[in-house]
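Report on the following structure.
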Amino acid sequence: MARAIHSNSVRKDKPFIPINCGAIPENLMESELFGYEKGAFTGAHAQKKGRIELADGGTLFLDEVGELPLQLQVKLLRFLQDFRLNRVGGRQTIEVDVRVIAATNRDIKKLLSEGRFREDLYYRLAVVAVDLPPLRKRRDDVVLIAKAFVKMHTKDGAKPKSISQEAIEALNAYDWPGNVRELENCIRRAVTLSEGPSITATDIGLEPVQPAPASFNLKAAKEDIELRMINRAIAKNEGNISKAADDLGLARPTLYHLLKKYNISFKEA
């Protein structure tokens with residue numbers, strides 16, 4: 001969405017600079033954002049521009065901004081007040097013309113109430129707020145996005161594979177707790193591992209959608225749902241039982257018990 005906003009704006013010919021605020025260690029985050037001068041700290045052998053400065057004229061995308069430490073939230077707020085910054089270890093004030101887009105999958109209102117995200121920074125960022133529903137609430141988009149990822153991850157010159165009907169049904173039936181990132185990872189793996197001309201539900205790591213139980217026996221229906229969800233969690237986590245148990249909301253021993261009960265075989269990661 002951030003790239004779409006950038007690509008359809010007057011800044012489209014200028015840089016689009018993303019930074020994942022949750023993926024960079026706290027002690028490196030300030031220099032990543034603001035840059036540093038030569039000699040600012042041990043290992044700073046040359047001047048380096050930060051992501052904000054590199055985005056001059058274009059768009060800075062702060063992904064997972066809810067993970068930004070409070071100390072850096074203060075410094076980001078200071079920059080947003082007048083769009084001026086100082087590199088780490090520097091005295092020169094640098095003006096930057098940049099559009100700032102921030103995104104988070106955290107409950108930002110909860111972070112505010114807990115004092116883990118500054119209210120003044122929130123209101124500075126939330127000039128125009130876009131609430132992007134999760135994939136499970138916009139199922140018509142799932143297959144369209146999946147097909148785009150197939151093209152994206154197909155090697156240059158190769159013909160993109162089609163997605164089988166059973167895979168489409170499995171894609172639509174799954175809730176995608178990891179949203180678009182999880183979908184992309186599943187499609188990337190499927191493009192790499194699938195052997196035929198068409199991607200199957202198994203290639204994606206999802207079980208084909210099974211028809212509803214023929215009987216109205218509640219015990220049988222419950223077991224059918226349990227079996228499908230367990231297989232799906234194991235496939236999603238590539239055999240990692242601890243992660244699969246977390247996804248299912250189960251203790252690890254409980255999941256082992258169910259695996260034995262349903263005679264599910266797998267290769268543990």
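Residues in the structure tokens are numbered from 1 in each chain, the chains being A, B, ... in the order shown, and ligands are numbered from 1 in the order shown.
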**Message:** List the spatial neighbours of segment 131-148 of chain A as a VMD selection string - criterion: any atom at most 7 Å away, only C-alpha atoms, same-chain residues fewer than 5 positions off excluded.
**Reply:** chain A and resid 168 171 to 172 175 to 176 179 183 187
Test item, alpha helix (DSSP H) assignment across segment 16-229 of chain A, answer as JSON, numbers by chain
{"A": [26, 27, 28, 29, 30, 31, 32, 33, 34, 51, 52, 53, 54, 70, 71, 72, 73, 74, 75, 76, 77, 78, 79, 80, 81, 82, 108, 109, 110, 111, 112, 113, 119, 120, 121, 122, 123, 124, 125, 140, 141, 142, 143, 144, 145, 146, 147, 148, 149, 150, 151, 152, 165, 166, 167, 168, 169, 170, 171, 172, 173, 179, 180, 181, 182, 183, 184, 185, 186, 187, 188, 189, 190, 191, 192, 193, 201, 202, 203, 204, 218, 219, 220, 221, 222, 223, 224, 225, 226, 227, 228, 229]}
I need the chosen residues saved as an mmCIF file, in the first residue's frame, with C-alpha atoms.
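This is the output file part-v1.cif:
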data_model
loop_
_atom_site.group_PDB
_atom_site.id
_atom_site.type_symbol
_atom_site.label_atom_id
_atom_site.label_comp_id
_atom_site.auth_asym_id
_atom_site.auth_seq_id
_atom_site.Cartn_x
_atom_site.Cartn_y
_atom_site.Cartn_z
ATOM 1 C CA GLU A 26 17.802 -0.669 19.135
ATOM 2 C CA ASN A 27 21.460 0.396 19.401
ATOM 3 C CA LEU A 28 21.717 0.657 15.598
ATOM 4 C CA MET A 29 18.336 2.180 14.877
ATOM 5 C CA GLU A 30 19.267 5.829 15.445
ATOM 6 C CA SER A 31 22.194 5.718 13.014
ATOM 7 C CA GLU A 32 20.036 3.844 10.472
ATOM 8 C CA LEU A 33 17.397 6.564 10.601
ATOM 9 C CA PHE A 34 19.539 9.688 10.972
ATOM 10 C CA ARG A 51 17.321 6.383 5.688
ATOM 11 C CA ILE A 52 15.507 9.672 6.280
ATOM 12 C CA GLU A 53 18.106 11.658 4.367
ATOM 13 C CA LEU A 54 18.241 9.065 1.562
ATOM 14 C CA LEU A 70 10.435 5.359 23.198
ATOM 15 C CA GLN A 71 13.785 7.164 23.075
ATOM 16 C CA LEU A 72 13.768 7.070 19.289
ATOM 17 C CA GLN A 73 10.105 8.057 19.189
ATOM 18 C CA VAL A 74 11.146 11.360 20.777
ATOM 19 C CA LYS A 75 13.824 11.936 18.127
ATOM 20 C CA LEU A 76 11.466 11.004 15.307
ATOM 21 C CA LEU A 77 8.864 13.431 16.672
ATOM 22 C CA ARG A 78 11.475 16.178 16.795
ATOM 23 C CA PHE A 79 12.277 15.570 13.122
ATOM 24 C CA LEU A 80 8.597 15.548 12.098
ATOM 25 C CA GLN A 81 8.033 18.932 13.734
ATOM 26 C CA ASP A 82 10.252 20.809 11.274
ATOM 27 C CA ILE A 108 -1.800 1.198 18.438
ATOM 28 C CA LYS A 109 -4.562 2.382 20.805
ATOM 29 C CA LYS A 110 -3.485 -0.287 23.301
ATOM 30 C CA LEU A 111 0.151 0.803 22.988
ATOM 31 C CA LEU A 112 -0.940 4.376 23.695
ATOM 32 C CA SER A 113 -2.896 3.379 26.802
ATOM 33 C CA GLU A 119 0.481 10.152 21.929
ATOM 34 C CA ASP A 120 2.032 13.270 20.357
ATOM 35 C CA LEU A 121 3.923 11.135 17.834
ATOM 36 C CA TYR A 122 0.766 9.186 17.012
ATOM 37 C CA TYR A 123 -1.163 12.347 16.175
ATOM 38 C CA ARG A 124 1.766 13.712 14.189
ATOM 39 C CA LEU A 125 1.804 10.547 12.066
ATOM 40 C CA ASP A 140 -11.551 -11.567 -2.862
ATOM 41 C CA ASP A 141 -8.020 -10.132 -2.762
ATOM 42 C CA VAL A 142 -6.244 -13.345 -1.711
ATOM 43 C CA VAL A 143 -6.097 -15.075 -5.097
ATOM 44 C CA LEU A 144 -5.329 -11.807 -6.933
ATOM 45 C CA ILE A 145 -2.377 -11.150 -4.616
ATOM 46 C CA ALA A 146 -1.261 -14.796 -4.837
ATOM 47 C CA LYS A 147 -1.175 -14.621 -8.660
ATOM 48 C CA ALA A 148 0.866 -11.409 -8.475
ATOM 49 C CA PHE A 149 3.362 -13.153 -6.176
ATOM 50 C CA VAL A 150 3.589 -16.098 -8.593
ATOM 51 C CA LYS A 151 4.683 -13.686 -11.332
ATOM 52 C CA MET A 152 7.019 -11.838 -8.984
ATOM 53 C CA GLN A 165 -8.658 -24.931 -8.349
ATOM 54 C CA GLU A 166 -7.981 -26.921 -5.172
ATOM 55 C CA ALA A 167 -5.205 -24.466 -4.291
ATOM 56 C CA ILE A 168 -7.550 -21.514 -4.893
ATOM 57 C CA GLU A 169 -10.132 -23.089 -2.575
ATOM 58 C CA ALA A 170 -7.463 -23.708 0.074
ATOM 59 C CA LEU A 171 -6.184 -20.122 -0.238
ATOM 60 C CA ASN A 172 -9.680 -18.750 0.253
ATOM 61 C CA ALA A 173 -10.466 -21.050 3.183
ATOM 62 C CA ASN A 179 -1.397 -11.629 6.376
ATOM 63 C CA VAL A 180 0.361 -10.680 3.130
ATOM 64 C CA ARG A 181 3.851 -11.647 4.336
ATOM 65 C CA GLU A 182 2.683 -15.177 5.126
ATOM 66 C CA LEU A 183 0.933 -15.422 1.756
ATOM 67 C CA GLU A 184 4.067 -14.275 -0.061
ATOM 68 C CA ASN A 185 6.250 -16.798 1.781
ATOM 69 C CA CYS A 186 3.837 -19.618 0.919
ATOM 70 C CA ILE A 187 3.724 -18.648 -2.767
ATOM 71 C CA ARG A 188 7.497 -18.202 -2.995
ATOM 72 C CA ARG A 189 7.993 -21.715 -1.580
ATOM 73 C CA ALA A 190 5.342 -23.135 -3.926
ATOM 74 C CA VAL A 191 6.927 -21.547 -7.011
ATOM 75 C CA THR A 192 10.287 -23.011 -6.007
ATOM 76 C CA LEU A 193 9.154 -26.511 -5.045
ATOM 77 C CA ALA A 201 -2.607 -26.732 -2.298
ATOM 78 C CA THR A 202 0.119 -29.099 -1.085
ATOM 79 C CA ASP A 203 2.777 -26.995 -2.850
ATOM 80 C CA ILE A 204 1.520 -23.933 -0.982
ATOM 81 C CA LEU A 218 -20.775 -33.579 16.360
ATOM 82 C CA LYS A 219 -17.821 -35.717 17.514
ATOM 83 C CA ALA A 220 -16.930 -36.633 13.908
ATOM 84 C CA ALA A 221 -17.216 -33.019 12.778
ATOM 85 C CA LYS A 222 -14.962 -31.845 15.626
ATOM 86 C CA GLU A 223 -12.327 -34.468 14.796
ATOM 87 C CA ASP A 224 -12.450 -33.517 11.111
ATOM 88 C CA ILE A 225 -11.799 -29.850 11.941
ATOM 89 C CA GLU A 226 -9.025 -30.720 14.419
ATOM 90 C CA LEU A 227 -7.272 -32.896 11.847
ATOM 91 C CA ARG A 228 -7.345 -30.223 9.156
ATOM 92 C CA MET A 229 -6.149 -27.441 11.488
#
With a distance cut-off of 7 Å and only C-alpha atoms, select the neighbouring residues of segment 91-97 of chain A, excluding the residue or stretch itself and same-chain residues fewer than 4 positions from it, and output the selection as a JSON list (two decimals) with C-alpha atoms, in the first residue's frame.
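This went into out34.json:
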[["chain", "number", "residue", "atom", "x", "y", "z"],
["A", 53, "GLU", "CA", 18.11, 11.66, 4.37],
["A", 56, "ASP", "CA", 14.84, 13.25, 0.40],
["A", 57, "GLY", "CA", 12.26, 14.29, -2.20],
["A", 83, "PHE", "CA", 11.76, 18.11, 8.98],
["A", 84, "ARG", "CA", 15.27, 18.90, 10.13],
["A", 85, "LEU", "CA", 17.81, 16.45, 11.51],
["A", 86, "ASN", "CA", 21.32, 16.09, 12.79]]
message: Rounded to one decimal, what separation in Å do you get between atom CA of Ile241 of chain A and atom CA of Lys260 of chain A?
response: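 So the answer is 13.2 Å.
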What are the DSSP strand (DSSP E) residues of segment 105-202 of chain A, as a list in words?
Ser162, Ile163, Ser198 and Ile199 of chain A
Margin query: I'd like the neighbourhood of Gly58 of chain A as a PyMOL selection string, where a residue qualifies if any of its atoms comes within 6 Å (using only C-alpha atoms), though same-chain residues fewer than 6 positions away should be ignored.
Written below: chain A and resi 11+14-16+98
Keeping only C-alpha atoms, take the residues you just selected and write them out as a JSON list (two decimals), in the first residue's frame.
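Wrote part13.json, looks like this:
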[["chain", "number", "residue", "atom", "x", "y", "z"],
["A", 11, "ARG", "CA", 7.14, 11.89, -5.81],
["A", 14, "LYS", "CA", 12.18, 10.09, -6.24],
["A", 15, "PRO", "CA", 13.40, 7.43, -3.77],
["A", 16, "PHE", "CA", 11.09, 5.08, -1.85],
["A", 98, "VAL", "CA", 10.07, 13.76, 2.59]]
- request: Tell me, in Å to one decimal, how far atom CA of Tyr262 of chain A is from atom CA of Glu195 of chain A.
  value: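 Interatomic distance here is 28.8 Å.
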- Closest of A:Ala46, A:Ile17, A:Leu255, A:Leu62 to Asn240 of chain A - atom-to-atom distances counting only C-alpha atoms: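 Of A:Ala46, A:Ile17, A:Leu255, A:Leu62, the one nearest Asn240 of chain A, counting only C-alpha atoms, is A:Leu255.
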Open item on the list: For Ser242 of chain A, find every residue with an atom within 12 Å (counting only C-alpha atoms), except residues of its own chain fewer than 5 positions away, and show them as a VMD selection string.
Closed with: chain A and resid 233 to 234 237 247 to 256 268 to 269
Separation of atom CA of Lys155 of chain A from atom CA of Ile199 of chain A, in Å and rounded to one decimal:
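Taking atom CA of Lys155 of chain A as the start and atom CA of Ile199 of chain A as the end point, the length is 15.3 Å.
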Worksheet item: So, counting only C-alpha atoms, which residue among A:Ile163, A:Ile264, A:Val65, A:Ile230 is closest to Ala23 of chain A?
Response: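 For Ala23 of chain A, the nearest of the candidates is A:Val65.
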Contacts of Asn231 of chain A at 10 Å or less, counting only C-alpha atoms, minus same-chain residues fewer than 5 places along, as a list in words?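 The contact residues come out as Gly205, Leu206, Glu207, Glu226, Lys236, Gly239, Ala244, Leu259, Ile264, Ser265 and Phe266 of chain A.
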Keeping only N, CA and C atoms, write those residues as a compact mmCIF listing (two decimals), in the first residue's frame.
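Result saved to again23.txt:
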# COMPACT_ATOMS: atom_id res chain seq x y z
N GLY A 205 1.46 -25.47 0.89
CA GLY A 205 1.57 -25.84 2.30
C GLY A 205 0.24 -25.84 3.01
N LEU A 206 -0.85 -25.88 2.23
CA LEU A 206 -2.20 -25.91 2.79
C LEU A 206 -2.88 -27.20 2.36
N GLU A 207 -3.73 -27.68 3.21
CA GLU A 207 -4.50 -28.87 2.86
C GLU A 207 -5.64 -28.48 1.92
N GLU A 226 -10.31 -30.62 13.72
CA GLU A 226 -9.02 -30.72 14.42
C GLU A 226 -7.93 -31.24 13.49
N LYS A 236 2.36 -24.99 7.70
CA LYS A 236 2.72 -23.57 7.75
C LYS A 236 4.07 -23.37 8.44
N GLY A 239 7.01 -28.13 10.01
CA GLY A 239 7.37 -29.20 10.93
C GLY A 239 7.85 -28.75 12.29
N ALA A 244 3.91 -24.64 15.74
CA ALA A 244 2.59 -25.13 15.37
C ALA A 244 1.66 -25.15 16.59
N LEU A 259 -1.32 -35.66 17.55
CA LEU A 259 -0.62 -36.25 16.41
C LEU A 259 -0.68 -37.78 16.47
N ILE A 264 -0.79 -38.84 12.57
CA ILE A 264 -0.22 -37.89 11.63
C ILE A 264 1.31 -38.05 11.63
N SER A 265 1.86 -38.35 10.49
CA SER A 265 3.30 -38.49 10.36
C SER A 265 3.88 -37.23 9.72
N PHE A 266 5.07 -36.84 10.14
CA PHE A 266 5.70 -35.63 9.61
C PHE A 266 7.18 -35.68 9.97
For Ala40 of chain A, work out the shell of residues within 7 Å, counting only C-alpha atoms and skipping chain neighbours fewer than 2 positions away, then give it as a PyMOL selection string. chain A and resi 36-38+44+88-89
For the residues in the current selection, export C-alpha atoms as a PDB file, in the first residue's frame.
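The result, stored in result_28.pdb:
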ATOM      1  CA  TYR A  36      26.262   9.477  11.323  1.00  0.00           C
ATOM      2  CA  GLU A  37      29.450  11.482  10.876  1.00  0.00           C
ATOM      3  CA  LYS A  38      32.932  10.032  10.588  1.00  0.00           C
ATOM      4  CA  ALA A  44      32.325   4.985  12.061  1.00  0.00           C
ATOM      5  CA  VAL A  88      24.751  11.128  14.975  1.00  0.00           C
ATOM      6  CA  GLY A  89      27.908  12.946  16.048  1.00  0.00           C
TER       7      GLY A  89
END
Counting only C-alpha atoms, the residue among A:Ala55, A:Ala103, A:Lys261, A:Glu67 that lies closest to Phe117 of chain A is A:Glu67
